[in-house]
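**Student:** Pasting a structure here, questions to come.
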Amino acid sequence: MSSYTVLPASGRSSLPARRLFAAVCGTLLSPLALAVQQADAPAELSPTVITAIAPSSPLTVITNPKDPRQPVPASDGADYLKTIPGFSAIRAGGTNGDPVLRGMFGSRLNILTNGGNMIGACPNRMDAPTSYIAPETFDRLTVIKGPQTVQWGPGASAGTILFEREPEHFGQLGSRVNASALAGSNGRFDKVLDAAAGNADGYARFVGNQSQSDDYKDGNGDTVPSRWDKWNGDVALGWTPDADTLLELTAGKGDGQSRYAGRGMDGSQFKRESLGLRFEKSNIGEVLDKFEAQVYYNYADHVMDNYSLRTPSGTGMMAGPMASNVDRRTLGARLKATWKWADWQLLSGIDAQTSEHRSRSAMGVDTYKDQPFSKDAVMHNYGVFSELTWYATGTDRVISGARLDRASAKDYRQTTGSGMTATPNPTADDTRADTLPSGFLRYEHDLAVLPATTYAGIGHVQRFPDYWELYSPTSGPTGSLNAFDAIKPEKTTQLDFGIQYKTDNLEAWASGYVGQVRDFILFDYTGGNSQARNVDARIMGGELGAAYKLTQRWKADATLAYAWGKNSSDGKALPQMPPLESRLGLTYSEDDWSAGALWRVVAAQHRIDANAGNVVGKDYEQSAGFGVFSLNGAYRVNKHLKLSAGVDNLLDKTYAEHLNLAGNAGFGYPANDPQAINEPGRTLWTKVDVSF
């Protein structure tokens with residue numbers, strides 16, 4: 001894992017500072033520290049605070065989501081991804097944002113947890129897939145930018161995101177425990193426990209977390225409705241009869257609630273149920289190297305209402321309490337095999353997924369529970385894929401992949417709209433299906449004159465419209481029956497290129513892309529309703545970064561990310577594109593402690609298309625630029641105990657992200673003059689990590 005800012009260093013630290021820090025923390029944590037000091041040899045904790053993450057290989061970022069990071073450690077998957085250059089998120093308040101990579105959103109990002117898709121149920125993505133992800137409960141986060149892999153499922157024109165838990169390995173009977181606690185401003189309090197026990201034949205593991213926060217205050221001291229309280233618990237039972245065989249059964253549940261300054265309803269329930277079974281066999285033979293099989297089940301049961309976390313407001317029929325309950329069951333499976341020859345590696349497999357969506361709603365407090373569920377959508381996908389790597393020379397590699405998917409959706413809605421506006425659905429009981437090819441080809445070369453790797457790759461992805469694009473819009477393209485009838489699959493062709501350079505004192509990298517999207521799926525909110533239609537678009541941009549070791553103890557780093565898009569059909573800017581963003585960091589580290597500063601600078605965004613966007617957000621005004629300055633520090637008490645702390649937005653800046661929802665009138669925001677939701681003002685946090 002490559003990380004900027006705060007790496008371990010050698011040398012002796014300032015004795016008074018260390019004694020003061022240790023004395024304060026020791027007073028608060030001495031019982032815990034004593035217990036940890038008596039434990040048996042764990043992996044040593046590094047005094048690290050992550051502020052930016054560099055690529056590990058061409059187009060691939062790998063990091064440990066357990067590491068403390070700045071800004072304040074993330075409460076959901078989208079929040080953590082913002083640490084990686086090129087990512088942003090559509091914000092709605094305190095938690096459960098929706099991730100955006102290079103301006104691309106939704107199912108253009110394939111997000112998997114332990115190899116399976118956890119798909120949300122809300123028609124407006126209040127429970128985006130990352131809402132169900134607690135980053136610190138996973139061991140590894142992998143991001144593959146661009147259409148440069150085909151093995152993890154369909155779509156993924158913008159990128160692939162993998163949150164993974166590694167299997168446990170015990171040579172003899174033993175156990176381990178990792179735990180952390182976080183406290184911060186605005187009532188933030190998180191707890192994480194990750195414990196495992198086993199021997200050479202198998203293991204048992206439990207991972208659980210609980211996260212809560214009150215409403216935060218922005219730089220003006222105004223309260224922003226944003227409180228949340230959520231939890232997750234997962235268990236894994238693994239059988240390892242030998243070093244090359246794994247059979248693992250996993251199960252998990254979770255729930256929570258969150259209120260949103262930018263929505264007319266809050267999330268009063270985010271129930272999750274997960275089951276999984278995977279089998280892996282390695283070192284099978286001279287050619288067939290590995291075989292993997294997996295089956296998973298994920299269930300999301302989500303409730304939205306306007307009374308649990310706020311006082312109902314509105315006029316007429318919308319004045320009283322109301323609630324909507326939606327759920328989604330997803331069942332998937334994957335088979336994959338890897339073959340190796342002297343200069344070749346072939347990975348091939350098949351996967352399948354089926355997903356069913358239901359809903360019910362009612363006026364009044366909890367009266368929705370008396371209503372039956374109504375099924376509105378069933379979606380299927382069956383795919384076959386292969387990736388081939390040719391190690392042409394010691395410095396040249398050619399990686400290619402091809403995929404073919406058969407995707408379908410059935411519309412079970414008998415009516416559209418609700419209440420007095422309900423009308424018969426013209427596509428009731430209709431099924432639509434498409435066969436969609438995807439593929440990529442990439443060349444990587446290690447330079448002889450420099451410690452650097454260059455690469456260039458072209459990829460093509462055809463993406464079937466997702467649930468939110470087929471069922472959520474009020475209408476489809478002009479002249480069509482509805483979105484289900486007329487929205488075409490999206491076709492992205494993109495060229496990715498870049499270079500990575502690394503020496504003992506300097507690490508630098510740059511990546512760029514340029515692409516053409518045929519039938520880009522765009523939402524138009526002109527007139528107050530949502531119309532989905534296809535347009536052609538052009539996209540380009542890139543990310544670059546560098547980290548330079550100024551001295552043995554001082555290190556400076558910088559990253560820059562930019563995304564640009566144009567709706568070439570209408571001659572307008574592509575909406576919901578993040579502005580130019582830079583992160584500048586400076587770190588001082590010695591032995592067991594470190595201190596760092598982070599200056600995040602975001603430019604103004606003037607390229608917008610008012611009232612156009614996606615199922616979650618739309619462009620409604622240009623945004624101003626801003627800069628946010630933050631400080632962090634970390635201290636390793638011993639190899640078992642680490643303390644970290646930070647001050648985010650030290651200068652109490654009042655600012656709002658460009659990708660953001662407008663404040664809802666139910667919380668006092670002006671109804672006819674959209675105002676972006678401000679981000680948190682000065683925020684203090686401290687985190688304790690324990691390992692034994």
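Each chain of the structure tokens is named A, B, ... in the order shown, its residues numbered from 1; ligands are numbered from 1 in display order.
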What parts of segment 449-551 of chain A does DSSP call strand (DSSP E)? I'd like the answer as number ranges by chain.

**Tutor:** A: 452-463, 490-502, 506-524, 531-549

**Student:** Keeping only C-alpha atoms, write the selected residues to a file as a JSON list (two decimals), in the first residue's frame.

**Tutor:**
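Final output, saved to selection_2.json:
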[["chain", "number", "residue", "atom", "x", "y", "z"],
["A", 452, "ALA", "CA", 9.35, 3.97, -14.14],
["A", 453, "THR", "CA", 6.50, 2.07, -15.78],
["A", 454, "THR", "CA", 4.43, 3.47, -18.64],
["A", 455, "TYR", "CA", 1.14, 2.07, -19.84],
["A", 456, "ALA", "CA", -1.66, 2.62, -22.33],
["A", 457, "GLY", "CA", -4.90, 0.73, -22.65],
["A", 458, "ILE", "CA", -8.15, 0.95, -24.55],
["A", 459, "GLY", "CA", -11.40, -0.48, -23.24],
["A", 460, "HIS", "CA", -14.98, -0.79, -24.42],
["A", 461, "VAL", "CA", -17.98, -1.46, -22.16],
["A", 462, "GLN", "CA", -21.66, -1.85, -23.01],
["A", 463, "ARG", "CA", -23.73, -1.31, -19.87],
["A", 490, "GLU", "CA", -24.72, 2.82, -22.60],
["A", 491, "LYS", "CA", -21.58, 2.23, -24.72],
["A", 492, "THR", "CA", -18.26, 3.59, -23.46],
["A", 493, "THR", "CA", -14.96, 3.48, -25.32],
["A", 494, "GLN", "CA", -12.03, 4.90, -23.35],
["A", 495, "LEU", "CA", -8.27, 5.25, -23.71],
["A", 496, "ASP", "CA", -6.28, 5.18, -20.45],
["A", 497, "PHE", "CA", -2.59, 6.06, -20.27],
["A", 498, "GLY", "CA", -0.03, 7.00, -17.66],
["A", 499, "ILE", "CA", 3.35, 6.63, -15.99],
["A", 500, "GLN", "CA", 4.59, 5.65, -12.53],
["A", 501, "TYR", "CA", 8.03, 6.64, -11.22],
["A", 502, "LYS", "CA", 9.60, 5.59, -7.93],
["A", 506, "LEU", "CA", 10.63, 10.49, -4.96],
["A", 507, "GLU", "CA", 7.42, 8.78, -5.96],
["A", 508, "ALA", "CA", 5.46, 10.34, -8.82],
["A", 509, "TRP", "CA", 2.64, 9.20, -11.06],
["A", 510, "ALA", "CA", 0.28, 10.51, -13.70],
["A", 511, "SER", "CA", -2.77, 8.94, -15.32],
["A", 512, "GLY", "CA", -5.03, 10.31, -18.02],
["A", 513, "TYR", "CA", -8.05, 9.22, -19.99],
["A", 514, "VAL", "CA", -10.14, 10.28, -22.96],
["A", 515, "GLY", "CA", -13.39, 8.62, -23.92],
["A", 516, "GLN", "CA", -16.52, 8.60, -26.03],
["A", 517, "VAL", "CA", -19.86, 7.52, -24.52],
["A", 518, "ARG", "CA", -22.63, 6.63, -26.94],
["A", 519, "ASP", "CA", -26.16, 6.71, -25.49],
["A", 520, "PHE", "CA", -25.03, 8.20, -22.17],
["A", 521, "ILE", "CA", -28.04, 8.03, -19.82],
["A", 522, "LEU", "CA", -28.92, 11.54, -18.66],
["A", 523, "PHE", "CA", -31.68, 12.76, -16.32],
["A", 524, "ASP", "CA", -33.47, 16.03, -17.13],
["A", 531, "GLN", "CA", -37.01, 12.49, -17.69],
["A", 532, "ALA", "CA", -34.37, 9.93, -18.68],
["A", 533, "ARG", "CA", -32.92, 10.05, -22.17],
["A", 534, "ASN", "CA", -29.84, 9.01, -24.13],
["A", 535, "VAL", "CA", -27.24, 11.48, -25.40],
["A", 536, "ASP", "CA", -23.73, 11.18, -26.77],
["A", 537, "ALA", "CA", -20.92, 12.45, -24.57],
["A", 538, "ARG", "CA", -17.18, 13.04, -24.58],
["A", 539, "ILE", "CA", -15.12, 12.71, -21.42],
["A", 540, "MET", "CA", -11.50, 13.29, -20.48],
["A", 541, "GLY", "CA", -9.32, 14.10, -17.49],
["A", 542, "GLY", "CA", -6.73, 12.59, -15.23],
["A", 543, "GLU", "CA", -4.95, 12.45, -11.90],
["A", 544, "LEU", "CA", -1.34, 13.06, -10.95],
["A", 545, "GLY", "CA", 0.64, 13.02, -7.75],
["A", 546, "ALA", "CA", 4.08, 13.14, -6.21],
["A", 547, "ALA", "CA", 5.66, 12.52, -2.82],
["A", 548, "TYR", "CA", 9.16, 13.78, -2.12],
["A", 549, "LYS", "CA", 11.30, 12.98, 0.90]]

**Student:** Any idea what's packed within 7 Å of segment 165-172 of chain A, counting only C-alpha atoms, ignoring anything in its chain fewer than 3 positions away? Could you give it as a PDB file with N, CA and C atoms, in the first residue's frame?

**Tutor:**
ATOM      1  N   ASN A 114     -16.544  -8.546  -0.564  1.00  0.00           N
ATOM      2  CA  ASN A 114     -16.231  -9.976  -0.517  1.00  0.00           C
ATOM      3  C   ASN A 114     -16.689 -10.703  -1.772  1.00  0.00           C
ATOM      4  N   PHE A 138     -13.030  -4.050   6.821  1.00  0.00           N
ATOM      5  CA  PHE A 138     -12.440  -4.802   5.720  1.00  0.00           C
ATOM      6  C   PHE A 138     -10.922  -4.709   5.790  1.00  0.00           C
ATOM      7  N   ASP A 139     -10.250  -5.677   5.166  1.00  0.00           N
ATOM      8  CA  ASP A 139      -8.797  -5.762   5.214  1.00  0.00           C
ATOM      9  C   ASP A 139      -8.124  -5.069   4.044  1.00  0.00           C
ATOM     10  N   ARG A 140      -8.806  -5.002   2.922  1.00  0.00           N
ATOM     11  CA  ARG A 140      -8.170  -4.463   1.725  1.00  0.00           C
ATOM     12  C   ARG A 140      -9.206  -3.782   0.840  1.00  0.00           C
ATOM     13  N   GLY A 198      -8.168 -19.735  15.671  1.00  0.00           N
ATOM     14  CA  GLY A 198      -8.129 -20.921  14.834  1.00  0.00           C
ATOM     15  C   GLY A 198      -6.820 -21.656  14.951  1.00  0.00           C
ATOM     16  N   ASN A 199      -6.648 -22.646  14.073  1.00  0.00           N
ATOM     17  CA  ASN A 199      -5.403 -23.392  13.975  1.00  0.00           C
ATOM     18  C   ASN A 199      -5.156 -23.699  12.510  1.00  0.00           C
ATOM     19  N   ALA A 200      -4.282 -24.640  12.233  1.00  0.00           N
ATOM     20  CA  ALA A 200      -3.929 -24.928  10.850  1.00  0.00           C
ATOM     21  C   ALA A 200      -5.107 -25.482  10.049  1.00  0.00           C
ATOM     22  N   TYR A 203     -10.610 -21.675  11.047  1.00  0.00           N
ATOM     23  CA  TYR A 203     -10.680 -20.465  11.856  1.00  0.00           C
ATOM     24  C   TYR A 203     -12.123 -19.985  11.969  1.00  0.00           C
TER      25      TYR A 203
END

**Student:** Which is closest to Ala337 of chain A among A:Asn186, A:Thr435, A:Gln294, A:Ser361, if we use only C-alpha atoms?

**Tutor:**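 Answer, going by the shortest atom-to-atom distance: A:Gln294.
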
**Student:** Need to verify the contact set: Ala610 of chain A, 10 Å, only C-alpha atoms, exclusion of same-chain residues closer than 5 positions in sequence. Can you return it as a list in words?

**Tutor:**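 In the requested format, the answer is Asp524, Tyr525, Thr526, Ala573, Pro575, Gln576, Lys618, Asp619, Tyr620, Glu621 and Gln622 of chain A.
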
**Student:** Do a neighbour search on segment 240-246 of chain A at 8 Å with only C-alpha atoms, toss out local chain neighbours closer than 5 positions, and write the hits as a PDB file with N, CA and C atoms, in the first residue's frame.

**Tutor:**
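The result, written out as result-v1.pdb:
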ATOM      1  N   ALA A 200      -4.282 -24.640  12.233  1.00  0.00           N
ATOM      2  CA  ALA A 200      -3.929 -24.928  10.850  1.00  0.00           C
ATOM      3  C   ALA A 200      -5.107 -25.482  10.049  1.00  0.00           C
ATOM      4  N   ASP A 201      -6.117 -26.019  10.731  1.00  0.00           N
ATOM      5  CA  ASP A 201      -7.238 -26.646  10.031  1.00  0.00           C
ATOM      6  C   ASP A 201      -8.415 -25.710   9.776  1.00  0.00           C
ATOM      7  N   GLY A 202      -8.448 -24.557  10.436  1.00  0.00           N
ATOM      8  CA  GLY A 202      -9.582 -23.675  10.229  1.00  0.00           C
ATOM      9  C   GLY A 202      -9.573 -22.504  11.173  1.00  0.00           C
ATOM     10  N   ARG A 278     -17.575 -19.521  -0.239  1.00  0.00           N
ATOM     11  CA  ARG A 278     -16.555 -19.526  -1.281  1.00  0.00           C
ATOM     12  C   ARG A 278     -15.593 -20.687  -1.089  1.00  0.00           C
ATOM     13  N   PHE A 279     -15.062 -21.152  -2.234  1.00  0.00           N
ATOM     14  CA  PHE A 279     -14.099 -22.252  -2.240  1.00  0.00           C
ATOM     15  C   PHE A 279     -12.930 -21.849  -3.118  1.00  0.00           C
ATOM     16  N   GLU A 280     -11.712 -22.061  -2.624  1.00  0.00           N
ATOM     17  CA  GLU A 280     -10.506 -21.756  -3.386  1.00  0.00           C
ATOM     18  C   GLU A 280      -9.539 -22.923  -3.289  1.00  0.00           C
ATOM     19  N   LYS A 281      -8.948 -23.282  -4.428  1.00  0.00           N
ATOM     20  CA  LYS A 281      -7.926 -24.325  -4.475  1.00  0.00           C
ATOM     21  C   LYS A 281      -6.771 -23.809  -5.321  1.00  0.00           C
ATOM     22  N   SER A 282      -5.572 -23.715  -4.715  1.00  0.00           N
ATOM     23  CA  SER A 282      -4.400 -23.164  -5.390  1.00  0.00           C
ATOM     24  C   SER A 282      -3.362 -24.246  -5.642  1.00  0.00           C
ATOM     25  N   ASN A 283      -2.401 -23.912  -6.532  1.00  0.00           N
ATOM     26  CA  ASN A 283      -1.286 -24.817  -6.848  1.00  0.00           C
ATOM     27  C   ASN A 283      -1.787 -26.207  -7.229  1.00  0.00           C
TER      28      ASN A 283
END

**Student:** Mind checking which residues fall within 9 Å of Gly401 of chain A, counting only C-alpha atoms, ignoring those fewer than 2 positions away in the same chain, and posting them as JSON, numbers by chain?

**Tutor:** {"A": [148, 149, 150, 151, 385, 386, 387, 388, 389, 399, 403, 438, 439, 440, 441]}

**Student:** Could you dump the residues just selected with N, CA and C atoms as a PDB file, in the first residue's frame?

**Tutor:**
ATOM      1  N   GLN A 148     -10.797  -1.452 -17.489  1.00  0.00           N
ATOM      2  CA  GLN A 148      -9.558  -2.199 -17.661  1.00  0.00           C
ATOM      3  C   GLN A 148      -9.567  -3.523 -16.913  1.00  0.00           C
ATOM      4  N   THR A 149     -10.745  -4.043 -16.654  1.00  0.00           N
ATOM      5  CA  THR A 149     -10.905  -5.412 -16.172  1.00  0.00           C
ATOM      6  C   THR A 149     -12.305  -5.878 -16.539  1.00  0.00           C
ATOM      7  N   VAL A 150     -12.455  -7.201 -16.728  1.00  0.00           N
ATOM      8  CA  VAL A 150     -13.772  -7.750 -17.083  1.00  0.00           C
ATOM      9  C   VAL A 150     -14.187  -8.863 -16.137  1.00  0.00           C
ATOM     10  N   GLN A 151     -13.357  -9.172 -15.142  1.00  0.00           N
ATOM     11  CA  GLN A 151     -13.613 -10.372 -14.331  1.00  0.00           C
ATOM     12  C   GLN A 151     -14.559 -10.146 -13.165  1.00  0.00           C
ATOM     13  N   PHE A 385     -16.330 -14.537 -19.138  1.00  0.00           N
ATOM     14  CA  PHE A 385     -15.218 -13.593 -19.268  1.00  0.00           C
ATOM     15  C   PHE A 385     -13.884 -14.333 -19.303  1.00  0.00           C
ATOM     16  N   SER A 386     -12.879 -13.656 -19.858  1.00  0.00           N
ATOM     17  CA  SER A 386     -11.500 -14.143 -19.861  1.00  0.00           C
ATOM     18  C   SER A 386     -10.559 -12.946 -19.846  1.00  0.00           C
ATOM     19  N   GLU A 387      -9.452 -13.107 -19.112  1.00  0.00           N
ATOM     20  CA  GLU A 387      -8.372 -12.123 -19.131  1.00  0.00           C
ATOM     21  C   GLU A 387      -7.063 -12.860 -19.379  1.00  0.00           C
ATOM     22  N   LEU A 388      -6.288 -12.361 -20.332  1.00  0.00           N
ATOM     23  CA  LEU A 388      -5.047 -13.005 -20.736  1.00  0.00           C
ATOM     24  C   LEU A 388      -3.886 -12.035 -20.553  1.00  0.00           C
ATOM     25  N   THR A 389      -2.845 -12.465 -19.858  1.00  0.00           N
ATOM     26  CA  THR A 389      -1.645 -11.657 -19.666  1.00  0.00           C
ATOM     27  C   THR A 389      -0.466 -12.347 -20.347  1.00  0.00           C
ATOM     28  N   ILE A 399      -1.853  -7.071 -21.492  1.00  0.00           N
ATOM     29  CA  ILE A 399      -3.007  -7.614 -20.758  1.00  0.00           C
ATOM     30  C   ILE A 399      -4.254  -7.341 -21.584  1.00  0.00           C
ATOM     31  N   ARG A 403     -15.454  -9.975 -22.506  1.00  0.00           N
ATOM     32  CA  ARG A 403     -16.609 -10.363 -21.704  1.00  0.00           C
ATOM     33  C   ARG A 403     -17.861 -10.281 -22.564  1.00  0.00           C
ATOM     34  N   SER A 438     -18.005  -6.605 -24.024  1.00  0.00           N
ATOM     35  CA  SER A 438     -17.050  -5.664 -23.440  1.00  0.00           C
ATOM     36  C   SER A 438     -15.652  -6.243 -23.606  1.00  0.00           C
ATOM     37  N   GLY A 439     -14.643  -5.381 -23.569  1.00  0.00           N
ATOM     38  CA  GLY A 439     -13.279  -5.868 -23.681  1.00  0.00           C
ATOM     39  C   GLY A 439     -12.271  -4.754 -23.497  1.00  0.00           C
ATOM     40  N   PHE A 440     -10.995  -5.145 -23.319  1.00  0.00           N
ATOM     41  CA  PHE A 440      -9.928  -4.155 -23.179  1.00  0.00           C
ATOM     42  C   PHE A 440      -8.615  -4.754 -23.636  1.00  0.00           C
ATOM     43  N   LEU A 441      -7.646  -3.875 -23.927  1.00  0.00           N
ATOM     44  CA  LEU A 441      -6.295  -4.260 -24.295  1.00  0.00           C
ATOM     45  C   LEU A 441      -5.353  -3.211 -23.720  1.00  0.00           C
TER      46      LEU A 441
END

**Student:** Which residues, written as an mmCIF file with N, CA and C atoms, in the first residue's frame, have at least one atom at most 9 Å from segment 469-486 of chain A, with only C-alpha atoms counted and residues fewer than 4 positions away on the same chain left out?

**Tutor:**
data_model
loop_
_atom_site.group_PDB
_atom_site.id
_atom_site.type_symbol
_atom_site.label_atom_id
_atom_site.label_comp_id
_atom_site.auth_asym_id
_atom_site.auth_seq_id
_atom_site.Cartn_x
_atom_site.Cartn_y
_atom_site.Cartn_z
ATOM 1 N N PRO A 123 -35.444 3.966 -4.611
ATOM 2 C CA PRO A 123 -35.529 4.441 -5.992
ATOM 3 C C PRO A 123 -34.693 5.682 -6.260
ATOM 4 N N ASN A 124 -34.322 6.423 -5.202
ATOM 5 C CA ASN A 124 -33.472 7.604 -5.340
ATOM 6 C C ASN A 124 -32.095 7.394 -4.729
ATOM 7 N N ASP A 376 -41.987 -4.919 -8.254
ATOM 8 C CA ASP A 376 -42.014 -4.063 -9.432
ATOM 9 C C ASP A 376 -40.931 -4.397 -10.452
ATOM 10 N N ALA A 377 -39.861 -5.095 -10.043
ATOM 11 C CA ALA A 377 -38.780 -5.349 -10.992
ATOM 12 C C ALA A 377 -38.042 -6.630 -10.646
ATOM 13 N N ALA A 409 -34.488 -7.488 -17.941
ATOM 14 C CA ALA A 409 -35.295 -6.882 -16.884
ATOM 15 C C ALA A 409 -36.765 -7.067 -17.229
ATOM 16 N N ASP A 411 -40.687 -5.731 -16.141
ATOM 17 C CA ASP A 411 -41.439 -4.658 -15.485
ATOM 18 C C ASP A 411 -42.738 -5.232 -14.916
ATOM 19 N N THR A 416 -48.162 3.356 -12.788
ATOM 20 C CA THR A 416 -47.069 4.264 -12.468
ATOM 21 C C THR A 416 -47.653 5.504 -11.810
ATOM 22 N N GLY A 417 -46.818 6.208 -11.039
ATOM 23 C CA GLY A 417 -47.336 7.296 -10.234
ATOM 24 C C GLY A 417 -47.935 6.742 -8.963
ATOM 25 N N ASN A 425 -49.694 1.262 -16.386
ATOM 26 C CA ASN A 425 -48.335 1.199 -16.906
ATOM 27 C C ASN A 425 -48.343 0.558 -18.290
ATOM 28 N N PRO A 426 -47.900 1.276 -19.330
ATOM 29 C CA PRO A 426 -47.947 0.704 -20.687
ATOM 30 C C PRO A 426 -46.963 -0.433 -20.912
ATOM 31 N N THR A 427 -45.995 -0.599 -20.025
ATOM 32 C CA THR A 427 -45.034 -1.709 -20.191
ATOM 33 C C THR A 427 -45.219 -2.770 -19.114
ATOM 34 N N ASP A 430 -43.881 -6.468 -19.333
ATOM 35 C CA ASP A 430 -42.956 -6.557 -20.461
ATOM 36 C C ASP A 430 -41.560 -6.955 -19.974
ATOM 37 N N ARG A 432 -37.425 -6.901 -21.320
ATOM 38 C CA ARG A 432 -36.449 -6.471 -22.320
ATOM 39 C C ARG A 432 -35.110 -7.115 -22.004
ATOM 40 N N PRO A 465 -28.954 -0.624 -18.786
ATOM 41 C CA PRO A 465 -29.480 0.359 -17.820
ATOM 42 C C PRO A 465 -29.809 -0.304 -16.485
ATOM 43 N N ILE A 521 -26.703 7.906 -20.423
ATOM 44 C CA ILE A 521 -28.038 8.032 -19.821
ATOM 45 C C ILE A 521 -28.053 9.270 -18.930
ATOM 46 N N LEU A 522 -28.856 10.242 -19.316
ATOM 47 C CA LEU A 522 -28.925 11.544 -18.664
ATOM 48 C C LEU A 522 -30.324 11.764 -18.095
ATOM 49 N N PHE A 523 -30.394 12.397 -16.923
ATOM 50 C CA PHE A 523 -31.677 12.761 -16.319
ATOM 51 C C PHE A 523 -31.898 14.268 -16.502
ATOM 52 N N ASN A 529 -40.230 17.283 -13.111
ATOM 53 C CA ASN A 529 -40.244 15.836 -13.212
ATOM 54 C C ASN A 529 -38.898 15.333 -13.715
ATOM 55 N N SER A 530 -38.675 14.035 -13.604
ATOM 56 C CA SER A 530 -37.415 13.449 -14.055
ATOM 57 C C SER A 530 -37.637 12.699 -15.360
ATOM 58 N N GLN A 531 -36.961 13.157 -16.395
ATOM 59 C CA GLN A 531 -37.013 12.485 -17.693
ATOM 60 C C GLN A 531 -35.651 11.877 -17.982
ATOM 61 N N ALA A 532 -35.606 10.598 -18.301
ATOM 62 C CA ALA A 532 -34.365 9.931 -18.681
ATOM 63 C C ALA A 532 -34.286 9.855 -20.198
ATOM 64 N N ARG A 533 -33.106 10.135 -20.732
ATOM 65 C CA ARG A 533 -32.916 10.053 -22.169
ATOM 66 C C ARG A 533 -31.447 9.745 -22.458
ATOM 67 N N ASN A 534 -31.190 9.330 -23.704
ATOM 68 C CA ASN A 534 -29.838 9.014 -24.135
ATOM 69 C C ASN A 534 -29.243 10.171 -24.923
ATOM 70 N N ASN A 614 -28.427 13.136 -12.616
ATOM 71 C CA ASN A 614 -28.669 11.703 -12.496
ATOM 72 C C ASN A 614 -29.820 11.467 -11.528
ATOM 73 N N VAL A 615 -30.036 10.233 -11.128
ATOM 74 C CA VAL A 615 -31.195 9.922 -10.299
ATOM 75 C C VAL A 615 -31.091 10.535 -8.906
#

**Student:** Write out as a list in words each polymer residue whose atoms come within 7 Å of Asp190 of chain A, counting only C-alpha atoms; drop sequence neighbours fewer than 5 positions from it.

**Tutor:** Ala181, Leu182, Ala183, Gln210, Ser211 and Gln212 of chain A

**Student:** Can those selected residues be exported to a file as a PDB file, in the first residue's frame so that it contains C-alpha atoms?

**Tutor:**
ATOM      1  CA  ALA A 181     -12.455   3.505  19.100  1.00  0.00           C
ATOM      2  CA  LEU A 182     -12.995   6.955  17.637  1.00  0.00           C
ATOM      3  CA  ALA A 183     -14.395  10.041  19.370  1.00  0.00           C
ATOM      4  CA  GLN A 210     -21.093   0.724  15.532  1.00  0.00           C
ATOM      5  CA  SER A 211     -20.968   4.343  14.361  1.00  0.00           C
ATOM      6  CA  GLN A 212     -22.982   7.335  15.494  1.00  0.00           C
TER       7      GLN A 212
END

**Student:** Between A:Thr421, A:Gln353, A:Gln345, A:Asn505, single out the one closest to Trp390 of chain A, counting only C-alpha atoms.

**Tutor:**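 Answer, going by the shortest atom-to-atom distance: A:Gln345.
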
**Student:** From the DSSP assignment of the backbone, select every residue of segment 283-471 of chain A that is helix (DSSP H, G or I), and format the answer as an MDAnalysis selection string.

**Tutor:** chainID A and resid 316:318 367:370 419:421 467:470

**Student:** One decimal, in Å: what's the spacing between atom CA of Ala563 of chain A and atom CA of Arg125 of chain A?

**Tutor:** 23.0 Å

**Student:** Considering only C-alpha atoms, can you say which of A:Gly320, A:Gly596, A:Gly116, A:Gly238 comes closest to Val49 of chain A?

**Tutor:**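 Closest to Val49 of chain A, using only C-alpha atoms: A:Gly596.
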